[in-house]
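Worksheet for the structure shown next.
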Amino acid sequence: MSFIKNYVAQHEQRMLDELFDLLRYPSVSADPKYKADVLKTAEFVATKLIEAGAENVEVCQTAGYPIVYGEKIIDAAKPTVLVYGHYDVQPPDPLELWETPPFEPTIRDGKIFARGACDDKGQFYMHVKAFELMMQTNSLPCNIKFMIEGEEEVGSDNLGDFVKQNKNKLKADVVLISDTAMISMEHPSLETGLRGLSYLEVEVTGPNRDLHSGVYGGAVANPATILTKMIASLHDDNNRIAIPGFYDDVINLSDAERDALNSAPYDDAEYKADLGVNELWGENGYSTFERTGTRPTLEVNGIWGGYIGEGAKTVLPSKASAKISMRLVPNQGSAKITKLFTDHFLSIAPPSVKVKVTPHHGGEPVVTPTDSVAYKAAQQAIAESFGKEPIPTRGGGSIPIVALFEAELGIKTVLMGFGLDSDNLHSPNEKYDIANYFKGIETIPLFYKYFDELSK
Ligand code: BES
Ligand code: MN
Ligand code: MN
């Protein structure tokens, strides 16, 4: 499609400049100190949707950060695509590990470095620019609705209500999301499932105050020691999760499905080298792909207690805590797993300490259909722009809205992500390749073209 490439070539610099403007907003949803910036980002997104040609653009208030909505309805008889993305980003810390500041986007080696470059500003903005392209070249073949939220990175707490209250407004034939990864530019892929999430915080309390570790140590249980022992017991010798009932609802994949996933191009040696580890770790009997895509896991996200300042302080802490998350696979349920974890964790606490478990947020796992018109449209779009059929994979991350859209609106999702696992999402030096950004902008109009054609 030469008009697509021509339009991108003509507007390349501006499309990059606008993304840079978006990346300069520190829209960190987790930290209240950025509140004004998050709100300004929503306004910026709304302005850009209007400039691109969207109508009925609205910054919809919620109990938390607003959801930006916009649409272009060309013909009620045509299929409608609902584009979802998020304008909020993860906190940038540890700041000292960034080579250039997280909110001053910088190009190095063909890559845009900034917090949110890939997750998800760079990816959702491709849709805004692809929409502009279709409007300007008179080639928008379907109706389009945008819903860009500001609380994805903190669990989308207010999105459920918004979706329930706006069922008509959000009515669509498919949800299209670019907030996932593909294998590489040489091996384009489409994620066909996401894991769910159950996130909790645990607190172990021993003595009623911090104690001198010499005066009392040896006679009183140390909450940090107890907590680490309890956490260590959550995996067995096969690195399986040792919570009774944890695997009960897991649907095991057939050998054929496992073989298909494992045939994706992937190299353990490269993976290890990239991460700087000598050996990989995970549930025995499964490949790396399976461990991150199709098997449930339990991770400690943070752990603290006692003295962690400069130098040494001899102290036996009163409390120790950890943030723990579990990634879930179909047909596990987040509420059920949260309960299983809580009951188990409380049951293994020795009488020398008190344990408190506080649930944070959750999300349900999903598999997306690979026989739908929308999936086929994505396949054809990628095949045309990359010159290669996309490989179906499973994503290890979570996007809770996907299950919610399905449950509340009955709409299935296509996950057409253009990021890479190595884009440092949630890490220092997050990046997005310029090539992936423009490849996305070129591929998205093809999705609309084929979705319209195949829907007839
Ligand atoms: N875009 C990610 C999810 C993702 C990344 C899916 C890579 C597949 C591949 C999203 O922004 C994210 O980080 N989600 C959170 C969940 C949320 C409830 C905090 C996650 O997966 O930890
Ligand atoms: Mn994301
Ligand atoms: Mn994220």
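We name chains A, B, ... following the order of the structure tokens; residues begin at 1 in each chain, and ligands are numbered from 1 as shown.
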(request) Collect all residues with atoms no farther than 8 Å from ligand 1, counting only C-alpha atoms and all ligand atoms, and output them as JSON, numbers by chain. (result) {"A": [86, 89, 90, 119, 120, 152, 153, 154, 155, 156, 179, 180, 181, 191, 194, 195, 197, 361, 362, 363, 395, 396, 397, 398, 399, 400, 419, 421, 425, 426]}
(message) Which residues are near Thr228 in chain A? Cut-off 10 Å, only C-alpha atoms, ignore same chain within fewer than 5 positions. Put them as a list in words.
(response) Pro223, Ser233, Ile303, Ala320, Ser321 and Ala322 of chain A
(message) What's around range 434-439 of chain A at 7 Å? Count only C-alpha atoms, leave out sequence neighbours fewer than 5 positions away in its own chain, and write the answer as a count of residues only.
(response) 6
Just list as a PDB file with N, CA, C and O atoms, in the first residue's frame whatever in range 228-350 of chain A DSSP marks as helix (DSSP H, G or I).
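So the final result, stored in result.pdb, reads:
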```pdb
ATOM      1  N   THR A 228      11.153 -14.725  55.422  1.00  0.00           N
ATOM      2  CA  THR A 228      11.879 -15.330  54.300  1.00  0.00           C
ATOM      3  C   THR A 228      11.708 -16.846  54.281  1.00  0.00           C
ATOM      4  O   THR A 228      11.621 -17.448  53.216  1.00  0.00           O
ATOM      5  N   LYS A 229      11.621 -17.439  55.453  1.00  0.00           N
ATOM      6  CA  LYS A 229      11.365 -18.890  55.494  1.00  0.00           C
ATOM      7  C   LYS A 229       9.983 -19.214  54.938  1.00  0.00           C
ATOM      8  O   LYS A 229       9.800 -20.176  54.188  1.00  0.00           O
ATOM      9  N   MET A 230       9.012 -18.395  55.329  1.00  0.00           N
ATOM     10  CA  MET A 230       7.644 -18.632  54.830  1.00  0.00           C
ATOM     11  C   MET A 230       7.603 -18.475  53.315  1.00  0.00           C
ATOM     12  O   MET A 230       7.009 -19.287  52.604  1.00  0.00           O
ATOM     13  N   ILE A 231       8.271 -17.427  52.817  1.00  0.00           N
ATOM     14  CA  ILE A 231       8.286 -17.191  51.369  1.00  0.00           C
ATOM     15  C   ILE A 231       9.010 -18.333  50.650  1.00  0.00           C
ATOM     16  O   ILE A 231       8.537 -18.832  49.617  1.00  0.00           O
ATOM     17  N   ALA A 232      10.130 -18.754  51.208  1.00  0.00           N
ATOM     18  CA  ALA A 232      10.899 -19.823  50.561  1.00  0.00           C
ATOM     19  C   ALA A 232      10.081 -21.109  50.456  1.00  0.00           C
ATOM     20  O   ALA A 232      10.229 -21.881  49.515  1.00  0.00           O
ATOM     21  N   ASP A 255      -0.429 -31.690  23.957  1.00  0.00           N
ATOM     22  CA  ASP A 255       0.929 -31.802  23.431  1.00  0.00           C
ATOM     23  C   ASP A 255       1.077 -30.993  22.143  1.00  0.00           C
ATOM     24  O   ASP A 255       2.115 -30.363  21.909  1.00  0.00           O
ATOM     25  N   ALA A 256       0.016 -31.021  21.325  1.00  0.00           N
ATOM     26  CA  ALA A 256       0.081 -30.283  20.057  1.00  0.00           C
ATOM     27  C   ALA A 256       0.211 -28.783  20.320  1.00  0.00           C
ATOM     28  O   ALA A 256       1.008 -28.091  19.665  1.00  0.00           O
ATOM     29  N   GLU A 257      -0.552 -28.282  21.287  1.00  0.00           N
ATOM     30  CA  GLU A 257      -0.473 -26.846  21.603  1.00  0.00           C
ATOM     31  C   GLU A 257       0.907 -26.487  22.158  1.00  0.00           C
ATOM     32  O   GLU A 257       1.488 -25.445  21.828  1.00  0.00           O
ATOM     33  N   ARG A 258       1.422 -27.389  22.998  1.00  0.00           N
ATOM     34  CA  ARG A 258       2.756 -27.131  23.566  1.00  0.00           C
ATOM     35  C   ARG A 258       3.812 -27.124  22.463  1.00  0.00           C
ATOM     36  O   ARG A 258       4.680 -26.249  22.430  1.00  0.00           O
ATOM     37  N   ASP A 259       3.716 -28.099  21.553  1.00  0.00           N
ATOM     38  CA  ASP A 259       4.688 -28.166  20.459  1.00  0.00           C
ATOM     39  C   ASP A 259       4.624 -26.908  19.606  1.00  0.00           C
ATOM     40  O   ASP A 259       5.663 -26.364  19.200  1.00  0.00           O
ATOM     41  N   ALA A 260       3.403 -26.464  19.336  1.00  0.00           N
ATOM     42  CA  ALA A 260       3.247 -25.266  18.491  1.00  0.00           C
ATOM     43  C   ALA A 260       3.930 -24.070  19.154  1.00  0.00           C
ATOM     44  O   ALA A 260       4.683 -23.333  18.507  1.00  0.00           O
ATOM     45  N   LEU A 261       3.691 -23.883  20.452  1.00  0.00           N
ATOM     46  CA  LEU A 261       4.307 -22.741  21.140  1.00  0.00           C
ATOM     47  C   LEU A 261       5.827 -22.881  21.192  1.00  0.00           C
ATOM     48  O   LEU A 261       6.559 -21.915  21.015  1.00  0.00           O
ATOM     49  N   ASN A 262       6.266 -24.102  21.402  1.00  0.00           N
ATOM     50  CA  ASN A 262       7.712 -24.317  21.539  1.00  0.00           C
ATOM     51  C   ASN A 262       8.466 -24.269  20.213  1.00  0.00           C
ATOM     52  O   ASN A 262       9.691 -24.268  20.198  1.00  0.00           O
ATOM     53  N   ASP A 268      17.703 -20.049  24.328  1.00  0.00           N
ATOM     54  CA  ASP A 268      17.986 -19.925  25.768  1.00  0.00           C
ATOM     55  C   ASP A 268      19.310 -19.197  26.025  1.00  0.00           C
ATOM     56  O   ASP A 268      19.418 -18.408  26.964  1.00  0.00           O
ATOM     57  N   ALA A 269      20.312 -19.458  25.180  1.00  0.00           N
ATOM     58  CA  ALA A 269      21.638 -18.861  25.396  1.00  0.00           C
ATOM     59  C   ALA A 269      21.568 -17.338  25.271  1.00  0.00           C
ATOM     60  O   ALA A 269      22.109 -16.602  26.094  1.00  0.00           O
ATOM     61  N   GLU A 270      20.866 -16.870  24.236  1.00  0.00           N
ATOM     62  CA  GLU A 270      20.703 -15.424  24.048  1.00  0.00           C
ATOM     63  C   GLU A 270      19.925 -14.806  25.198  1.00  0.00           C
ATOM     64  O   GLU A 270      20.226 -13.714  25.673  1.00  0.00           O
ATOM     65  N   TYR A 271      18.915 -15.518  25.619  1.00  0.00           N
ATOM     66  CA  TYR A 271      18.048 -15.057  26.709  1.00  0.00           C
ATOM     67  C   TYR A 271      18.878 -14.867  27.978  1.00  0.00           C
ATOM     68  O   TYR A 271      18.795 -13.842  28.655  1.00  0.00           O
ATOM     69  N   LYS A 272      19.721 -15.866  28.264  1.00  0.00           N
ATOM     70  CA  LYS A 272      20.570 -15.795  29.464  1.00  0.00           C
ATOM     71  C   LYS A 272      21.575 -14.646  29.344  1.00  0.00           C
ATOM     72  O   LYS A 272      21.786 -13.898  30.294  1.00  0.00           O
ATOM     73  N   ALA A 273      22.178 -14.547  28.154  1.00  0.00           N
ATOM     74  CA  ALA A 273      23.194 -13.504  27.956  1.00  0.00           C
ATOM     75  C   ALA A 273      22.573 -12.123  28.139  1.00  0.00           C
ATOM     76  O   ALA A 273      23.136 -11.248  28.794  1.00  0.00           O
ATOM     77  N   ASP A 274      21.370 -11.938  27.574  1.00  0.00           N
ATOM     78  CA  ASP A 274      20.706 -10.640  27.680  1.00  0.00           C
ATOM     79  C   ASP A 274      20.465 -10.268  29.139  1.00  0.00           C
ATOM     80  O   ASP A 274      20.580  -9.113  29.531  1.00  0.00           O
ATOM     81  N   LEU A 275      20.132 -11.259  29.967  1.00  0.00           N
ATOM     82  CA  LEU A 275      19.771 -10.981  31.361  1.00  0.00           C
ATOM     83  C   LEU A 275      20.958 -11.076  32.316  1.00  0.00           C
ATOM     84  O   LEU A 275      20.841 -10.743  33.495  1.00  0.00           O
ATOM     85  N   THR A 288      11.135 -22.303  28.649  1.00  0.00           N
ATOM     86  CA  THR A 288      11.054 -20.892  29.056  1.00  0.00           C
ATOM     87  C   THR A 288       9.770 -20.252  28.532  1.00  0.00           C
ATOM     88  O   THR A 288       9.091 -19.518  29.245  1.00  0.00           O
ATOM     89  N   PHE A 289       9.458 -20.510  27.283  1.00  0.00           N
ATOM     90  CA  PHE A 289       8.235 -19.972  26.676  1.00  0.00           C
ATOM     91  C   PHE A 289       7.000 -20.372  27.467  1.00  0.00           C
ATOM     92  O   PHE A 289       6.107 -19.574  27.720  1.00  0.00           O
ATOM     93  N   GLU A 290       6.959 -21.665  27.848  1.00  0.00           N
ATOM     94  CA  GLU A 290       5.801 -22.151  28.587  1.00  0.00           C
ATOM     95  C   GLU A 290       5.764 -21.545  29.982  1.00  0.00           C
ATOM     96  O   GLU A 290       4.710 -21.174  30.498  1.00  0.00           O
ATOM     97  N   ARG A 291       6.944 -21.446  30.597  1.00  0.00           N
ATOM     98  CA  ARG A 291       6.999 -20.910  31.961  1.00  0.00           C
ATOM     99  C   ARG A 291       6.480 -19.481  32.020  1.00  0.00           C
ATOM    100  O   ARG A 291       5.869 -19.083  32.993  1.00  0.00           O
ATOM    101  N   THR A 292       6.778 -18.686  30.971  1.00  0.00           N
ATOM    102  CA  THR A 292       6.330 -17.291  31.020  1.00  0.00           C
ATOM    103  C   THR A 292       4.959 -17.086  30.381  1.00  0.00           C
ATOM    104  O   THR A 292       4.320 -16.076  30.637  1.00  0.00           O
ATOM    105  N   GLY A 293       4.530 -18.019  29.564  1.00  0.00           N
ATOM    106  CA  GLY A 293       3.279 -17.782  28.850  1.00  0.00           C
ATOM    107  C   GLY A 293       2.108 -18.621  29.305  1.00  0.00           C
ATOM    108  O   GLY A 293       0.967 -18.140  29.312  1.00  0.00           O
ATOM    109  N   SER A 334      -8.778 -15.016  39.929  1.00  0.00           N
ATOM    110  CA  SER A 334      -7.965 -14.171  40.791  1.00  0.00           C
ATOM    111  C   SER A 334      -8.458 -14.159  42.248  1.00  0.00           C
ATOM    112  O   SER A 334      -7.669 -14.262  43.186  1.00  0.00           O
ATOM    113  N   ALA A 335      -9.772 -14.064  42.446  1.00  0.00           N
ATOM    114  CA  ALA A 335     -10.303 -14.008  43.821  1.00  0.00           C
ATOM    115  C   ALA A 335     -10.032 -15.324  44.550  1.00  0.00           C
ATOM    116  O   ALA A 335      -9.655 -15.334  45.730  1.00  0.00           O
ATOM    117  N   LYS A 336     -10.205 -16.420  43.830  1.00  0.00           N
ATOM    118  CA  LYS A 336     -10.001 -17.732  44.460  1.00  0.00           C
ATOM    119  C   LYS A 336      -8.529 -17.921  44.850  1.00  0.00           C
ATOM    120  O   LYS A 336      -8.208 -18.402  45.945  1.00  0.00           O
ATOM    121  N   ILE A 337      -7.638 -17.536  43.965  1.00  0.00           N
ATOM    122  CA  ILE A 337      -6.200 -17.685  44.248  1.00  0.00           C
ATOM    123  C   ILE A 337      -5.787 -16.775  45.413  1.00  0.00           C
ATOM    124  O   ILE A 337      -4.994 -17.167  46.280  1.00  0.00           O
ATOM    125  N   THR A 338      -6.342 -15.584  45.443  1.00  0.00           N
ATOM    126  CA  THR A 338      -6.040 -14.672  46.558  1.00  0.00           C
ATOM    127  C   THR A 338      -6.443 -15.315  47.882  1.00  0.00           C
ATOM    128  O   THR A 338      -5.715 -15.250  48.876  1.00  0.00           O
ATOM    129  N   LYS A 339      -7.585 -15.980  47.872  1.00  0.00           N
ATOM    130  CA  LYS A 339      -8.053 -16.638  49.106  1.00  0.00           C
ATOM    131  C   LYS A 339      -7.172 -17.842  49.461  1.00  0.00           C
ATOM    132  O   LYS A 339      -6.796 -18.024  50.622  1.00  0.00           O
ATOM    133  N   LEU A 340      -6.833 -18.636  48.444  1.00  0.00           N
ATOM    134  CA  LEU A 340      -5.967 -19.806  48.709  1.00  0.00           C
ATOM    135  C   LEU A 340      -4.632 -19.357  49.297  1.00  0.00           C
ATOM    136  O   LEU A 340      -4.118 -19.949  50.244  1.00  0.00           O
ATOM    137  N   PHE A 341      -4.080 -18.300  48.726  1.00  0.00           N
ATOM    138  CA  PHE A 341      -2.798 -17.791  49.220  1.00  0.00           C
ATOM    139  C   PHE A 341      -2.948 -17.324  50.670  1.00  0.00           C
ATOM    140  O   PHE A 341      -2.158 -17.685  51.549  1.00  0.00           O
ATOM    141  N   THR A 342      -3.975 -16.516  50.912  1.00  0.00           N
ATOM    142  CA  THR A 342      -4.175 -15.938  52.252  1.00  0.00           C
ATOM    143  C   THR A 342      -4.328 -17.037  53.295  1.00  0.00           C
ATOM    144  O   THR A 342      -3.644 -17.029  54.332  1.00  0.00           O
ATOM    145  N   ASP A 343      -5.199 -17.986  53.026  1.00  0.00           N
ATOM    146  CA  ASP A 343      -5.432 -19.073  53.986  1.00  0.00           C
ATOM    147  C   ASP A 343      -4.138 -19.843  54.248  1.00  0.00           C
ATOM    148  O   ASP A 343      -3.801 -20.149  55.386  1.00  0.00           O
ATOM    149  N   HIS A 344      -3.426 -20.139  53.166  1.00  0.00           N
ATOM    150  CA  HIS A 344      -2.199 -20.917  53.307  1.00  0.00           C
ATOM    151  C   HIS A 344      -1.139 -20.127  54.067  1.00  0.00           C
ATOM    152  O   HIS A 344      -0.498 -20.648  54.990  1.00  0.00           O
ATOM    153  N   PHE A 345      -0.965 -18.874  53.697  1.00  0.00           N
ATOM    154  CA  PHE A 345       0.096 -18.075  54.319  1.00  0.00           C
ATOM    155  C   PHE A 345      -0.161 -17.911  55.811  1.00  0.00           C
ATOM    156  O   PHE A 345       0.759 -18.007  56.631  1.00  0.00           O
ATOM    157  N   LEU A 346      -1.409 -17.716  56.168  1.00  0.00           N
ATOM    158  CA  LEU A 346      -1.736 -17.585  57.602  1.00  0.00           C
ATOM    159  C   LEU A 346      -1.509 -18.922  58.314  1.00  0.00           C
ATOM    160  O   LEU A 346      -1.044 -18.963  59.459  1.00  0.00           O
ATOM    161  N   SER A 347      -1.792 -20.015  57.599  1.00  0.00           N
ATOM    162  CA  SER A 347      -1.687 -21.333  58.239  1.00  0.00           C
ATOM    163  C   SER A 347      -0.246 -21.744  58.506  1.00  0.00           C
ATOM    164  O   SER A 347       0.016 -22.568  59.374  1.00  0.00           O
TER     165      SER A 347
END
```
(request) List every residue of range 302-433 of chain A that DSSP, applied to the backbone of this structure, places in strand (DSSP E), and write the result as a PyMOL selection string. (result) chain A and resi 302-305+315-316+319-328+354-363+366-367+391-393+413-415+419-420+431-433
(request) Determine the nearest neighbour of ligand 3 from the options A:Ala76, A:Ile241, A:Val28, A:Val57, counting only C-alpha atoms and all ligand atoms. (result)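 So, comparing all the options, the nearest one is A:Val28.
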(message) Calculated over only C-alpha atoms, which of the candidates A:Lys388, A:Arg240, A:His11, A:Arg24 has the smallest distance to Glu104 in chain A?
(response)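 For Glu104 in chain A, the nearest of the given residues is A:Arg24.
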(request) Quick one: pull the distance between CA of Leu170 in chain A and CA of Asn143 in chain A, Å, one decimal. (result)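 So the answer is 11.7 Å.
Closest approach to Tyr199 in chain A among A:Asp88, A:Glu406, A:Glu299, A:Glu442: A:Glu299, based on only C-alpha atoms.
Among the candidate residues A:Gly85, A:Pro369, A:Gly150, A:Gly70, the one lying nearest to Val38 in chain A is A:Gly150, with distances computed using only C-alpha atoms.
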(message) Please compute the CA of Gly193 in chain A-CA of Arg394 in chain A distance, one decimal, in Å.
(response)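 One can read the CA of Gly193 in chain A to CA of Arg394 in chain A distance as 4.9 Å.
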(request) Go ahead and compute the interatomic distance for CA of Ser178 in chain A and CA of Leu415 in chain A, in Å to one decimal. (result) 6.0 Å
(request) Choose the residue, out of A:Val402, A:Ile50, A:Ala312, A:Ile348, that has the smallest atom-to-atom separation from Phe131 in chain A; count only C-alpha atoms. (result) A:Ile50
Do you know which residues are at most 10 Å from Gln136 in chain A counting only C-alpha atoms, after dropping those on the same chain fewer than 5 positions away, and could you put them as a PDB file with N, CA and C atoms, in the first residue's frame?
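Full text of result.pdb as output:
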```
ATOM      1  N   TYR A   7       2.518   8.515   3.104  1.00  0.00           N
ATOM      2  CA  TYR A   7       2.043   9.434   4.145  1.00  0.00           C
ATOM      3  C   TYR A   7       2.995   9.424   5.333  1.00  0.00           C
ATOM      4  N   ALA A  52      -6.436  14.599  15.133  1.00  0.00           N
ATOM      5  CA  ALA A  52      -6.359  13.486  14.175  1.00  0.00           C
ATOM      6  C   ALA A  52      -7.684  13.275  13.449  1.00  0.00           C
ATOM      7  N   GLY A  53      -8.756  13.880  13.972  1.00  0.00           N
ATOM      8  CA  GLY A  53     -10.036  13.767  13.282  1.00  0.00           C
ATOM      9  C   GLY A  53     -11.134  13.079  14.073  1.00  0.00           C
ATOM     10  N   ALA A 130      -2.072   6.339  13.028  1.00  0.00           N
ATOM     11  CA  ALA A 130      -2.638   5.530  11.938  1.00  0.00           C
ATOM     12  C   ALA A 130      -4.049   6.028  11.609  1.00  0.00           C
ATOM     13  N   PHE A 131      -4.767   6.446  12.644  1.00  0.00           N
ATOM     14  CA  PHE A 131      -6.117   7.010  12.442  1.00  0.00           C
ATOM     15  C   PHE A 131      -6.018   8.305  11.642  1.00  0.00           C
TER      16      PHE A 131
END
```
